[in-house]
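To be precise, the following lines are work31.txt, and they hold compact mmCIF, C-alpha atoms.
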# COMPACT_ATOMS: atom_id res chain seq x y z
CA MET W 1 -8.96 101.24 4.08
CA THR W 2 -12.76 101.65 4.08
CA SER W 3 -14.46 101.02 7.39
CA LEU W 4 -16.01 97.81 6.00
CA ALA W 5 -12.60 96.46 5.02
CA ALA W 6 -11.24 97.41 8.43
CA THR W 7 -14.07 95.55 10.16
CA SER W 8 -13.54 92.48 8.05
CA LYS W 9 -9.79 92.51 8.67
CA GLY W 10 -10.50 92.93 12.39
CA ALA W 11 -12.84 89.94 12.34
CA ALA W 12 -10.27 87.81 10.51
CA THR W 13 -7.59 88.71 13.07
CA ARG W 14 -9.99 87.92 15.91
CA ASP W 15 -10.75 84.52 14.32
CA ALA W 16 -7.04 83.79 13.93
CA ILE W 17 -6.42 84.60 17.59
CA ILE W 18 -9.30 82.34 18.68
CA GLU W 19 -7.99 79.55 16.44
CA ARG W 20 -4.56 79.73 18.05
CA ALA W 21 -6.03 80.03 21.56
CA TYR W 22 -8.15 76.94 20.90
CA GLU W 23 -5.06 74.95 19.91
CA ILE W 24 -3.28 76.04 23.09
CA ALA W 25 -6.32 75.32 25.29
CA ARG W 26 -6.39 71.72 24.04
CA PHE W 27 -3.17 71.27 26.02
CA THR W 28 -3.57 73.73 28.90
CA GLY W 29 -7.33 74.00 29.39
CA LEU W 30 -9.12 77.34 29.18
CA GLU W 31 -7.63 78.25 32.57
CA GLY W 32 -4.16 77.83 31.10
CA LEU W 33 -4.78 80.63 28.59
CA SER W 34 -3.18 83.99 29.22
CA ILE W 35 -3.31 87.10 27.03
CA GLY W 36 0.49 87.38 27.37
CA THR W 37 1.49 83.94 26.07
CA LEU W 38 -1.25 84.08 23.44
CA ALA W 39 0.05 87.44 22.17
CA GLN W 40 3.50 85.87 21.81
CA ALA W 41 2.05 82.84 20.00
CA VAL W 42 0.27 84.99 17.40
CA GLY W 43 3.11 87.54 17.15
CA MET W 44 1.09 90.50 18.43
CA SER W 45 1.44 92.86 21.37
CA LYS W 46 -0.66 92.24 24.48
CA SER W 47 -2.56 95.46 23.81
CA GLY W 48 -3.19 94.24 20.24
CA VAL W 49 -4.87 91.11 21.64
CA PHE W 50 -6.73 93.15 24.26
CA ALA W 51 -8.17 95.28 21.44
CA HIS W 52 -10.06 92.15 20.28
CA PHE W 53 -11.00 90.75 23.70
CA GLY W 54 -11.72 93.12 26.55
CA SER W 55 -10.53 90.60 29.14
CA ARG W 56 -9.10 87.12 29.60
CA GLU W 57 -12.60 85.91 30.41
CA ASP W 58 -13.96 87.32 27.13
CA LEU W 59 -11.25 85.38 25.34
CA GLN W 60 -12.07 82.18 27.24
CA ARG W 61 -15.74 82.56 26.38
CA ALA W 62 -14.94 83.10 22.71
CA VAL W 63 -12.76 79.96 22.69
CA LEU W 64 -15.43 77.90 24.42
CA GLU W 65 -18.03 79.10 21.95
CA SER W 66 -15.73 78.28 19.08
CA ALA W 67 -15.14 74.76 20.50
CA ALA W 68 -18.88 74.16 20.68
CA THR W 69 -19.35 75.35 17.10
CA ARG W 70 -16.58 73.03 15.89
CA PHE W 71 -18.15 70.16 17.79
CA GLY W 72 -21.56 70.83 16.25
CA ASN W 73 -20.03 71.04 12.77
CA ALA W 74 -18.08 67.83 13.23
CA VAL W 75 -20.71 65.71 15.00
CA LEU W 76 -24.28 66.96 14.75
CA ILE W 77 -24.42 68.59 11.32
CA PRO W 78 -23.08 65.59 9.32
CA ALA W 79 -25.29 63.19 11.33
CA LEU W 80 -28.37 65.16 10.21
CA SER W 81 -27.90 63.81 6.70
CA GLU W 82 -28.61 60.28 8.03
CA PRO W 83 -32.25 59.13 8.24
CA ARG W 84 -34.07 60.03 11.47
CA GLY W 85 -34.02 57.39 14.18
CA LEU W 86 -31.30 54.85 14.91
CA PRO W 87 -29.21 55.55 11.78
CA ARG W 88 -28.86 59.19 12.86
CA LEU W 89 -28.33 58.29 16.53
CA LYS W 90 -25.57 55.84 15.63
CA ALA W 91 -23.98 58.39 13.29
CA ILE W 92 -23.89 60.91 16.14
CA MET W 93 -22.08 58.40 18.36
CA ARG W 94 -19.63 57.42 15.61
CA LEU W 95 -18.82 61.03 14.75
CA TRP W 96 -18.50 61.82 18.45
CA PHE W 97 -15.87 59.10 18.77
CA ASP W 98 -14.11 60.55 15.68
CA TRP W 99 -14.12 63.97 17.31
CA GLY W 100 -12.06 62.70 20.23
CA HIS W 101 -9.84 60.79 17.83
CA ASN W 102 -9.07 63.77 15.62
CA GLN W 103 -8.10 66.19 18.36
CA ALA W 104 -4.48 66.74 19.31
CA GLY W 105 -4.41 67.26 23.07
CA SER W 106 -7.62 67.00 25.09
CA CYS W 107 -11.20 67.94 24.35
CA VAL W 108 -11.68 71.55 25.46
CA LEU W 109 -15.38 70.90 26.10
CA VAL W 110 -14.92 67.90 28.42
CA ALA W 111 -12.09 69.66 30.24
CA SER W 112 -14.20 72.82 30.67
CA VAL W 113 -16.65 70.87 32.85
CA SER W 114 -14.01 69.98 35.44
CA GLU W 115 -12.47 73.44 35.15
CA TYR W 116 -15.66 75.36 35.88
CA ASP W 117 -18.15 73.07 37.60
CA ASP W 118 -17.10 74.39 41.01
CA ARG W 119 -16.51 78.04 40.00
CA PRO W 120 -19.75 80.02 39.79
CA GLY W 121 -19.68 82.73 37.12
CA PRO W 122 -20.34 83.40 33.45
CA LEU W 123 -18.01 80.61 32.25
CA ARG W 124 -19.71 77.98 34.39
CA ASP W 125 -23.09 79.25 33.11
CA MET W 126 -21.87 78.88 29.55
CA VAL W 127 -20.54 75.35 30.20
CA MET W 128 -23.92 74.40 31.67
CA ARG W 129 -25.81 75.81 28.68
CA GLN W 130 -23.53 73.89 26.31
CA GLU W 131 -23.89 70.63 28.25
CA GLN W 132 -27.65 71.11 28.35
CA ALA W 133 -27.83 71.84 24.62
CA TRP W 134 -25.89 68.67 23.84
CA HIS W 135 -28.05 66.63 26.20
CA ASP W 136 -31.10 68.01 24.37
CA ALA W 137 -29.65 67.02 20.99
CA LEU W 138 -29.10 63.43 22.23
CA ARG W 139 -32.55 63.39 23.78
CA ARG W 140 -34.07 64.51 20.46
CA ALA W 141 -32.21 61.79 18.56
CA ALA W 142 -33.47 59.22 21.09
CA GLN W 143 -37.06 60.52 20.85
CA GLN W 144 -36.93 60.32 17.04
CA SER W 145 -35.70 56.73 17.34
CA ILE W 146 -38.75 55.94 19.46
CA ASP W 147 -41.05 57.79 17.03
CA GLU W 148 -39.61 55.82 14.11
CA GLY W 149 -40.29 52.57 15.98
CA HIS W 150 -36.58 51.77 16.38
CA LEU W 151 -36.30 52.08 20.17
CA GLN W 152 -38.65 51.12 23.00
CA PRO W 153 -40.59 54.08 24.40
CA GLY W 154 -38.97 55.23 27.64
CA ASP W 155 -37.35 58.04 29.58
CA VAL W 156 -35.38 59.88 26.86
CA ASP W 157 -33.38 61.86 29.43
CA GLN W 158 -32.16 58.54 30.77
CA TYR W 159 -31.34 57.40 27.22
CA ALA W 160 -29.32 60.57 26.59
CA PHE W 161 -27.47 60.09 29.89
CA GLU W 162 -26.48 56.53 29.02
CA LEU W 163 -25.28 57.46 25.52
CA TYR W 164 -23.24 60.31 26.97
CA ALA W 165 -21.63 57.76 29.33
CA ILE W 166 -20.32 55.71 26.42
CA ALA W 167 -18.71 58.66 24.65
CA LEU W 168 -17.14 59.81 27.90
CA VAL W 169 -15.49 56.49 28.70
CA VAL W 170 -14.15 56.25 25.13
CA HIS W 171 -12.58 59.67 25.62
CA HIS W 172 -11.29 58.78 29.10
CA LYS W 173 -9.61 55.53 28.09
CA SER W 174 -8.30 56.58 24.65
CA SER W 175 -5.02 58.22 25.49
CA LEU W 176 -4.06 55.60 28.06
CA PHE W 177 -5.06 52.39 26.32
CA GLY W 178 -5.13 53.32 22.66
CA GLU W 179 -7.73 55.12 20.62
CA GLU W 180 -8.50 52.16 18.38
CA GLN W 181 -9.27 49.77 21.22
CA SER W 182 -11.40 52.33 23.08
CA ARG W 183 -13.27 53.23 19.94
CA LEU W 184 -14.06 49.58 19.15
CA ARG W 185 -15.31 49.05 22.71
CA GLY W 186 -17.40 52.22 22.34
CA GLU W 187 -18.96 51.05 19.08
CA ARG W 188 -19.69 47.66 20.60
CA ALA W 189 -21.29 49.40 23.62
CA VAL W 190 -23.53 51.44 21.30
CA GLU W 191 -24.58 48.30 19.39
CA ARG W 192 -25.32 46.46 22.64
CA TRP W 193 -27.22 49.43 24.02
CA CYS W 194 -29.32 49.72 20.85
CA SER W 195 -30.10 45.97 20.82
CA ALA W 196 -31.02 45.99 24.52
CA HIS W 197 -33.51 48.81 24.01
CA SER W 198 -34.71 48.18 20.46
CA ALA W 199 -38.47 48.15 19.88
CA MET P 1 14.06 59.47 71.16
CA THR P 2 14.82 55.86 70.22
CA SER P 3 15.33 55.22 66.54
CA LEU P 4 12.03 53.28 66.40
CA ALA P 5 10.10 56.21 67.89
CA ALA P 6 11.84 58.59 65.48
CA THR P 7 10.85 56.38 62.54
CA SER P 8 7.26 56.20 63.70
CA LYS P 9 7.11 59.98 64.23
CA GLY P 10 8.64 60.44 60.77
CA ALA P 11 6.01 58.16 59.24
CA ALA P 12 3.19 60.04 61.00
CA THR P 13 4.51 63.37 59.70
CA ARG P 14 4.81 61.93 56.22
CA ASP P 15 1.20 60.69 56.40
CA ALA P 16 0.01 64.10 57.61
CA ILE P 17 1.76 65.81 54.69
CA ILE P 18 0.21 63.38 52.20
CA GLU P 19 -3.23 63.90 53.76
CA ARG P 20 -2.94 67.66 53.33
CA ALA P 21 -1.51 67.32 49.81
CA TYR P 22 -4.42 65.06 48.87
CA GLU P 23 -6.92 67.68 50.06
CA ILE P 24 -5.16 70.35 47.99
CA ALA P 25 -4.91 68.11 44.93
CA ARG P 26 -8.69 67.63 44.93
CA PHE P 27 -8.88 71.29 43.93
CA THR P 28 -5.68 71.81 41.94
CA GLY P 29 -4.90 68.37 40.51
CA LEU P 30 -1.57 66.66 41.20
CA GLU P 31 0.09 69.11 38.81
CA GLY P 32 -1.10 71.97 41.00
CA LEU P 33 0.93 70.65 43.96
CA SER P 34 4.15 72.42 44.86
CA ILE P 35 6.48 71.68 47.75
CA GLY P 36 6.48 75.40 48.61
CA THR P 37 2.73 75.91 49.04
CA LEU P 38 2.39 72.50 50.70
CA ALA P 39 5.09 73.39 53.25
CA GLN P 40 3.14 76.56 54.08
CA ALA P 41 -0.10 74.60 54.39
CA VAL P 42 1.39 72.14 56.90
CA GLY P 43 3.46 74.78 58.71
CA MET P 44 6.84 73.29 57.84
CA SER P 45 9.89 74.55 56.02
CA LYS P 46 10.41 73.49 52.40
CA SER P 47 13.47 71.50 53.41
CA GLY P 48 11.38 69.80 56.11
CA VAL P 49 8.94 68.59 53.43
CA PHE P 50 11.84 67.64 51.13
CA ALA P 51 13.20 65.43 53.93
CA HIS P 52 10.10 63.25 53.48
CA PHE P 53 9.85 63.37 49.68
CA GLY P 54 12.98 63.59 47.61
CA SER P 55 11.20 65.49 44.84
CA ARG P 56 7.86 66.94 43.78
CA GLU P 57 7.30 63.83 41.67
CA ASP P 58 7.84 61.55 44.69
CA LEU P 59 5.21 63.57 46.51
CA GLN P 60 2.79 63.33 43.57
CA ARG P 61 3.27 59.57 43.43
CA ALA P 62 2.67 59.23 47.16
CA VAL P 63 -0.55 61.26 46.86
CA LEU P 64 -1.74 59.21 43.89
CA GLU P 65 -1.03 55.98 45.76
CA SER P 66 -2.86 57.31 48.79
CA ALA P 67 -5.87 58.26 46.61
CA ALA P 68 -6.01 54.73 45.19
CA THR P 69 -5.84 53.22 48.69
CA ARG P 70 -8.68 55.45 49.88
CA PHE P 71 -10.72 54.50 46.83
CA GLY P 72 -10.16 50.79 47.47
CA ASN P 73 -11.11 51.20 51.13
CA ALA P 74 -14.24 53.17 50.29
CA VAL P 75 -15.49 51.18 47.30
CA LEU P 76 -14.00 47.70 46.90
CA ILE P 77 -13.41 46.55 50.49
CA PRO P 78 -16.96 47.18 51.77
CA ALA P 79 -18.45 45.66 48.59
CA LEU P 80 -16.59 42.41 49.32
CA SER P 81 -18.93 41.78 52.24
CA GLU P 82 -21.83 41.47 49.76
CA PRO P 83 -22.50 38.04 48.19
CA ARG P 84 -20.54 37.29 45.00
CA GLY P 85 -22.31 38.13 41.76
CA LEU P 86 -24.78 40.92 41.08
CA PRO P 87 -25.21 41.96 44.75
CA ARG P 88 -21.47 42.68 44.95
CA LEU P 89 -21.35 44.28 41.50
CA LYS P 90 -24.23 46.61 42.36
CA ALA P 91 -22.60 47.43 45.72
CA ILE P 92 -19.41 48.42 43.91
CA MET P 93 -21.36 50.78 41.65
CA ARG P 94 -23.34 52.27 44.55
CA LEU P 95 -20.21 52.83 46.65
CA TRP P 96 -18.44 54.26 43.61
CA PHE P 97 -21.23 56.84 43.24
CA ASP P 98 -20.90 57.59 47.00
CA TRP P 99 -17.18 58.12 46.54
CA GLY P 100 -17.77 60.96 44.08
CA HIS P 101 -20.52 62.33 46.31
CA ASN P 102 -18.37 62.42 49.47
CA GLN P 103 -15.38 64.19 47.97
CA ALA P 104 -14.96 67.95 48.28
CA GLY P 105 -13.39 69.16 45.04
CA SER P 106 -12.75 66.71 42.22
CA CYS P 107 -11.69 63.07 42.16
CA VAL P 108 -7.89 63.01 42.08
CA LEU P 109 -7.94 59.67 40.25
CA VAL P 110 -10.20 60.77 37.38
CA ALA P 111 -8.28 64.04 37.07
CA SER P 112 -4.94 62.19 37.01
CA VAL P 113 -5.92 60.50 33.75
CA SER P 114 -6.31 63.80 31.88
CA GLU P 115 -3.25 65.23 33.63
CA TYR P 116 -0.89 62.42 32.63
CA ASP P 117 -2.34 60.54 29.68
CA ASP P 118 -0.21 62.59 27.27
CA ARG P 119 2.93 62.90 29.46
CA PRO P 120 5.10 59.78 29.32
CA GLY P 121 6.92 59.06 32.59
CA PRO P 122 6.56 57.35 35.96
CA LEU P 123 3.34 59.16 36.87
CA ARG P 124 1.63 58.14 33.65
CA ASP P 125 2.80 54.54 34.22
CA MET P 126 1.31 54.62 37.69
CA VAL P 127 -2.00 56.05 36.43
CA MET P 128 -2.14 53.26 33.83
CA ARG P 129 -1.47 50.58 36.44
CA GLN P 130 -4.19 52.00 38.67
CA GLU P 131 -6.70 52.20 35.82
CA GLN P 132 -5.84 48.65 34.80
CA ALA P 133 -6.19 47.37 38.38
CA TRP P 134 -9.62 48.94 38.67
CA HIS P 135 -10.69 47.58 35.30
CA ASP P 136 -9.57 44.12 36.52
CA ALA P 137 -11.63 44.48 39.69
CA LEU P 138 -14.74 45.33 37.66
CA ARG P 139 -13.99 42.49 35.26
CA ARG P 140 -13.72 40.05 38.18
CA ALA P 141 -17.05 41.23 39.61
CA ALA P 142 -18.64 40.75 36.16
CA GLN P 143 -17.10 37.28 35.77
CA GLN P 144 -18.39 36.24 39.18
CA SER P 145 -21.87 37.49 38.20
CA ILE P 146 -21.68 35.19 35.17
CA ASP P 147 -20.38 32.28 37.28
CA GLU P 148 -23.24 32.76 39.75
CA GLY P 149 -25.72 32.63 36.88
CA HIS P 150 -26.76 36.29 37.32
CA LEU P 151 -25.41 37.70 34.04
CA GLN P 152 -25.29 36.31 30.51
CA PRO P 153 -21.87 34.93 29.59
CA GLY P 154 -20.03 37.45 27.44
CA ASP P 155 -16.95 39.62 27.00
CA VAL P 156 -16.18 40.70 30.57
CA ASP P 157 -13.77 43.41 29.40
CA GLN P 158 -16.68 44.93 27.54
CA TYR P 159 -18.86 44.63 30.64
CA ALA P 160 -16.21 46.40 32.75
CA PHE P 161 -15.92 49.15 30.12
CA GLU P 162 -19.68 49.79 30.12
CA LEU P 163 -19.91 49.89 33.92
CA TYR P 164 -16.99 52.30 34.06
CA ALA P 165 -18.91 54.51 31.59
CA ILE P 166 -21.83 54.86 33.99
CA ALA P 167 -19.68 55.89 36.96
CA LEU P 168 -17.82 58.38 34.79
CA VAL P 169 -20.93 60.16 33.53
CA VAL P 170 -22.32 60.36 37.08
CA HIS P 171 -19.07 62.04 38.12
CA HIS P 172 -19.06 64.31 35.05
CA LYS P 173 -22.63 65.58 35.47
CA SER P 174 -22.74 65.80 39.28
CA SER P 175 -21.28 69.21 39.96
CA LEU P 176 -23.13 70.87 37.09
CA PHE P 177 -26.59 69.34 37.42
CA GLY P 178 -26.74 68.18 41.03
CA GLU P 179 -25.35 65.10 42.69
CA GLU P 180 -28.72 63.65 43.61
CA GLN P 181 -30.08 63.74 40.08
CA SER P 182 -26.90 62.31 38.56
CA ARG P 183 -26.77 59.57 41.15
CA LEU P 184 -30.39 58.56 40.54
CA ARG P 185 -29.73 58.44 36.79
CA GLY P 186 -26.61 56.36 37.48
CA GLU P 187 -28.49 53.88 39.66
CA ARG P 188 -31.20 53.62 37.05
CA ALA P 189 -28.54 53.01 34.36
CA VAL P 190 -27.01 50.20 36.45
CA GLU P 191 -30.45 48.59 36.95
CA ARG P 192 -31.21 48.84 33.23
CA TRP P 193 -27.78 47.49 32.33
CA CYS P 194 -28.19 44.53 34.70
CA SER P 195 -31.70 43.74 33.36
CA ALA P 196 -30.54 43.97 29.76
CA HIS P 197 -27.73 41.47 30.36
CA SER P 198 -29.22 39.25 33.06
CA ALA P 199 -29.02 35.50 32.51
Kindly present the structure from the file in structure tokens form.
Amino acid sequence: MTSLAATSKGAATRDAIIERAYEIARFTGLEGLSIGTLAQAVGMSKSGVFAHFGSREDLQRAVLESAATRFGNAVLIPALSEPRGLPRLKAIMRLWFDWGHNQAGSCVLVASVSEYDDRPGPLRDMVMRQEQAWHDALRRAAQQSIDEGHLQPGDVDQYAFELYAIALVVHHKSSLFGEEQSRLRGERAVERWCSAHSA
Amino acid sequence: MTSLAATSKGAATRDAIIERAYEIARFTGLEGLSIGTLAQAVGMSKSGVFAHFGSREDLQRAVLESAATRFGNAVLIPALSEPRGLPRLKAIMRLWFDWGHNQAGSCVLVASVSEYDDRPGPLRDMVMRQEQAWHDALRRAAQQSIDEGHLQPGDVDQYAFELYAIALVVHHKSSLFGEEQSRLRGERAVERWCSAHSA
């Protein structure tokens, strides 16, 4: 095997391990991941898994990063093809609701906040950066809606906070009271919010 | 000891065990509770704790019930001394934000939803009843605000859903971005929500 082929095979194996770890973490949280059970799940030795991730924390960070990338690909990227302003903002919210809907288990990103908010360290720092980046994306969508004359000028951080609230309650209520009902309430909340603050 | 005194001493011990279990569960969740570690924490034998709770699940249910009682005492009961309508509704929201603020660790009630929403059984049933009861309390406060002429008539289930959203995002953002900032955003969101839907 040339060294290029070896590298590419290594990267593919690493991706496959992250993929499996992500599926497990949807049920156990990132704190529920262990190199041992993951090695079993992918049919490798523990030292084989350790060769790809120096530590359990490295693995957790890789899974968290992968979750954020999936989220961006599922929610933000497709919304960017909608016109700037309210159409894009509403697409973000709709795709965000889909994201919760399409996940077996829980959302790794939401769960990571309660897992790490009281544990200082690199994982908490990463969770904060991810939350901040998503807040900034919502803020930008709100600002564009103002610029396009769709929303009243106002405190866009507040706007982002209120939109986040709606997605969170949809997620919170879904598994107890049915995804369809929660989603409909969420869409109604977005419509009401947009009407209340439309320019 | 008379049998009445024995019963009352038994009840006090039971309460003390629940109190300690509740404090632990704020950090570990209800699923993190074990009779063994709890027995150590209260300085009793495992069989001593088992004498008060037939099983780990009985203990978890007792802790969940106790959390809901505390929540009612901290949020709903004091709000009832405010006049019906928006003053009471706003008091509920304010006291709800305080509740998150005054808890070391996480909110056992919010955490219980993600712990049990995908695990059918008596604990999930109890979580659903508690969530439903709280939704009904919010719904009632919204209906009274309509009856008093403070809010526009509308779908009070939707109103309750949107108010729940605000409390949830305050809770979600608090430990990462500071309780004071999240609380101020939450209060602002409540004010904006009330203005948008005032009669």
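Compared by their closest atoms to Met126 (chain W), and using all atoms listed in the file, the residues W:Ser182, W:Ser195, W:Ser112, W:Ser174 rank with W:Ser112 nearest.
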Note to self: Could you tell me which residues of chain W sit within 7 Å of chain P when counting all atoms listed in the file, and give me the result as a list in words?
What the structure shows: Asp117, Asp118, Met128, Gln158, Glu162, Tyr164, Ala165, Ile166, Leu168, Val169, Ser175, Leu176, Arg185, Ala189 and Ala196 of chain W
Students should find that CA of Arg26 (chain P) and CA of Ala133 (chain P) are spaced 21.4 Å
Please provide as a PyMOL selection string all residues within 6 Å of region 70-76 of chain W, with the sequence filter that same-chain residues fewer than 4 positions apart are discarded (counting all atoms listed in the file). chain W and resi 92+95-96
Let's have the selection written as a compact mmCIF listing (two decimals), in the frame of the given file, with C-alpha atoms.
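Result file is part-v3.txt:
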# COMPACT_ATOMS: atom_id res chain seq x y z
CA ILE W 92 -23.89 60.91 16.14
CA LEU W 95 -18.82 61.03 14.75
CA TRP W 96 -18.50 61.82 18.45
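Distances here use all atoms listed in the file; by that measure, the residue among P:Leu80, P:Gly29, P:Gly10, P:Leu86 closest to Ala51 (chain P) is P:Gly10.
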Is it possible to add N, CA and C atoms to region 50-65 of chain P and hand it back as a short mmCIF file (atom, residue, chain, number, x, y, z; two decimals), keeping the file's coordinate frame?
data_model
loop_
_atom_site.label_atom_id
_atom_site.label_comp_id
_atom_site.auth_asym_id
_atom_site.auth_seq_id
_atom_site.Cartn_x
_atom_site.Cartn_y
_atom_site.Cartn_z
N PHE P 50 10.91 68.38 52.00
CA PHE P 50 11.84 67.64 51.13
C PHE P 50 12.49 66.45 51.85
N ALA P 51 12.62 66.55 53.18
CA ALA P 51 13.20 65.43 53.93
C ALA P 51 12.33 64.18 53.82
N HIS P 52 11.01 64.40 53.57
CA HIS P 52 10.10 63.25 53.48
C HIS P 52 9.89 62.78 52.04
N PHE P 53 10.03 63.69 51.10
CA PHE P 53 9.85 63.37 49.68
C PHE P 53 11.03 63.95 48.93
N GLY P 54 11.77 63.13 48.26
CA GLY P 54 12.98 63.59 47.61
C GLY P 54 12.71 64.62 46.52
N SER P 55 11.50 64.60 45.95
CA SER P 55 11.20 65.49 44.84
C SER P 55 9.69 65.70 44.78
N ARG P 56 9.29 66.67 43.98
CA ARG P 56 7.86 66.94 43.78
C ARG P 56 7.18 65.69 43.19
N GLU P 57 7.89 65.01 42.30
CA GLU P 57 7.30 63.83 41.67
C GLU P 57 7.08 62.70 42.70
N ASP P 58 8.03 62.55 43.62
CA ASP P 58 7.84 61.55 44.69
C ASP P 58 6.58 61.86 45.48
N LEU P 59 6.40 63.14 45.78
CA LEU P 59 5.21 63.57 46.51
C LEU P 59 3.95 63.25 45.72
N GLN P 60 3.96 63.58 44.42
CA GLN P 60 2.79 63.33 43.57
C GLN P 60 2.47 61.83 43.54
N ARG P 61 3.51 61.01 43.46
CA ARG P 61 3.27 59.57 43.43
C ARG P 61 2.69 59.08 44.75
N ALA P 62 3.19 59.63 45.84
CA ALA P 62 2.67 59.23 47.16
C ALA P 62 1.20 59.62 47.30
N VAL P 63 0.84 60.81 46.77
CA VAL P 63 -0.55 61.26 46.86
C VAL P 63 -1.45 60.40 45.98
N LEU P 64 -0.95 60.05 44.81
CA LEU P 64 -1.74 59.21 43.89
C LEU P 64 -1.96 57.83 44.51
N GLU P 65 -0.91 57.29 45.12
CA GLU P 65 -1.03 55.98 45.76
C GLU P 65 -2.03 56.06 46.92
#
